[in-house]
Amino acid sequence: QVQLVESGGGSVQAGGSLRLSCAASGLIDSSYCMGWFRQAPGKEREGVARIDMRDGSTDYANSVKGRFTISQDNAKSTLYLQMNSLKPEDTAMYYCAADRGSCYLLYSSWGRASNYYYWGQGTQVTVSS
């Protein structure tokens, strides 16, 4: 059984940085696609970034390109999201997600929450202006 546990959220002023972590346990291996999602109150859950566990390729939502970086530490079975130049509109609950199968199979739909089976409980990020 796959378990995902996020940490690292908090409150920060605009322009600041945070690094989120997602500790994965269970059967996560190189066959998985993993991603970070976020959901603000009253809005749909949206994909922020994804990484293919086999080759490390990444993709980002346009709203975070150049500011966020997704990475993996296979030795620690941990996924990271480095968030720089944070904006108030980045305020949301951030979730780690995983699904068996290459990210390439999802094509441009990698940011659709329904494509992922495993989810963490989320960590809150609040950015004040």
# chains A, B, ... in the order shown; residues from 1 in each chain; ligands from 1

$ select_by_dssp --residues "chain A" --states "strand (DSSP E)" --output "number ranges by chain"
A: 3-7, 10-13, 18-25, 32-39, 46-52, 58-60, 68-73, 78-83, 92-100, 118-119, 123-128

$ closest_atom_pairs --of "range 50-81 of chain A" --to "range 91-96 of chain A" --cutoff "10 Å" --atoms "only C-alpha atoms" --output "Markdown table"
| residue | atom | partner | partner_atom | distance |
| --- | --- | --- | --- | --- |
| A:Arg50 | CA | A:Cys96 | CA | 9.7 |
| A:Leu79 | CA | A:Cys96 | CA | 8.2 |
| A:Tyr80 | CA | A:Cys96 | CA | 9.2 |
| A:Leu81 | CA | A:Cys96 | CA | 9.5 |

$ write_last_selection --atoms "N, CA and C atoms" --output "CSV table (one decimal), in the first residue's frame"
chain,number,residue,atom,x,y,z
A,50,ARG,N,5.0,17.9,-12.2
A,50,ARG,CA,5.0,16.4,-12.1
A,50,ARG,C,6.4,16.0,-12.5
A,79,LEU,N,9.9,13.2,-2.4
A,79,LEU,CA,9.6,14.1,-3.5
A,79,LEU,C,9.6,15.5,-2.9
A,80,TYR,N,10.2,16.5,-3.6
A,80,TYR,CA,10.3,17.8,-3.1
A,80,TYR,C,9.6,18.8,-4.1
A,81,LEU,N,9.2,19.9,-3.5
A,81,LEU,CA,8.8,21.1,-4.4
A,81,LEU,C,9.4,22.3,-3.8

$ residues_around --residues "Ser63 in chain A" --least-positions-apart "5" --cutoff "10 Å" --atoms "only C-alpha atoms" --output "MDAnalysis selection string"
chainID A and resid 48 68 89:90

$ residues_around --residues "range 20-35 of chain A" --least-positions-apart "5" --cutoff "9 Å" --atoms "only C-alpha atoms" --output "PyMOL selection string"
chain A and resi 1-9+47-55+70+74+76-83+94-104+110-111+116+120+123

$ atom_distance --atom1 "CA of Arg112 in chain A" --atom2 "CA of Val64 in chain A"
16.0 Å

$ atom_distance --atom1 "CA of Ser11 in chain A" --atom2 "CA of Ser85 in chain A"
13.5 Å

$ atom_distance --atom1 "CA of Lys87 in chain A" --atom2 "CA of Ser128 in chain A"
7.7 Å

$ residues_around --residues "Val12 in chain A" --least-positions-apart "4" --cutoff "8 Å" --atoms "only C-alpha atoms" --output "list in words"
Gly16, Ser17, Leu18, Val125, Thr126, Val127 and Ser128 of chain A

$ write_last_selection --atoms "C-alpha atoms" --output "mmCIF file, in the first residue's frame"
data_model
loop_
_atom_site.group_PDB
_atom_site.id
_atom_site.type_symbol
_atom_site.label_atom_id
_atom_site.label_comp_id
_atom_site.auth_asym_id
_atom_site.auth_seq_id
_atom_site.Cartn_x
_atom_site.Cartn_y
_atom_site.Cartn_z
ATOM 1 C CA GLY A 16 9.623 34.322 -0.009
ATOM 2 C CA SER A 17 10.408 30.643 -0.425
ATOM 3 C CA LEU A 18 9.251 27.308 0.945
ATOM 4 C CA VAL A 125 0.790 27.153 2.158
ATOM 5 C CA THR A 126 -0.233 30.723 2.911
ATOM 6 C CA VAL A 127 1.412 33.682 1.190
ATOM 7 C CA SER A 128 0.667 37.154 2.484
#

$ closest_residue --among "A:Leu105, A:Ala40, A:Tyr118, A:Ser57" --to "Thr69 in chain A" --atoms "only C-alpha atoms"
A:Ser57
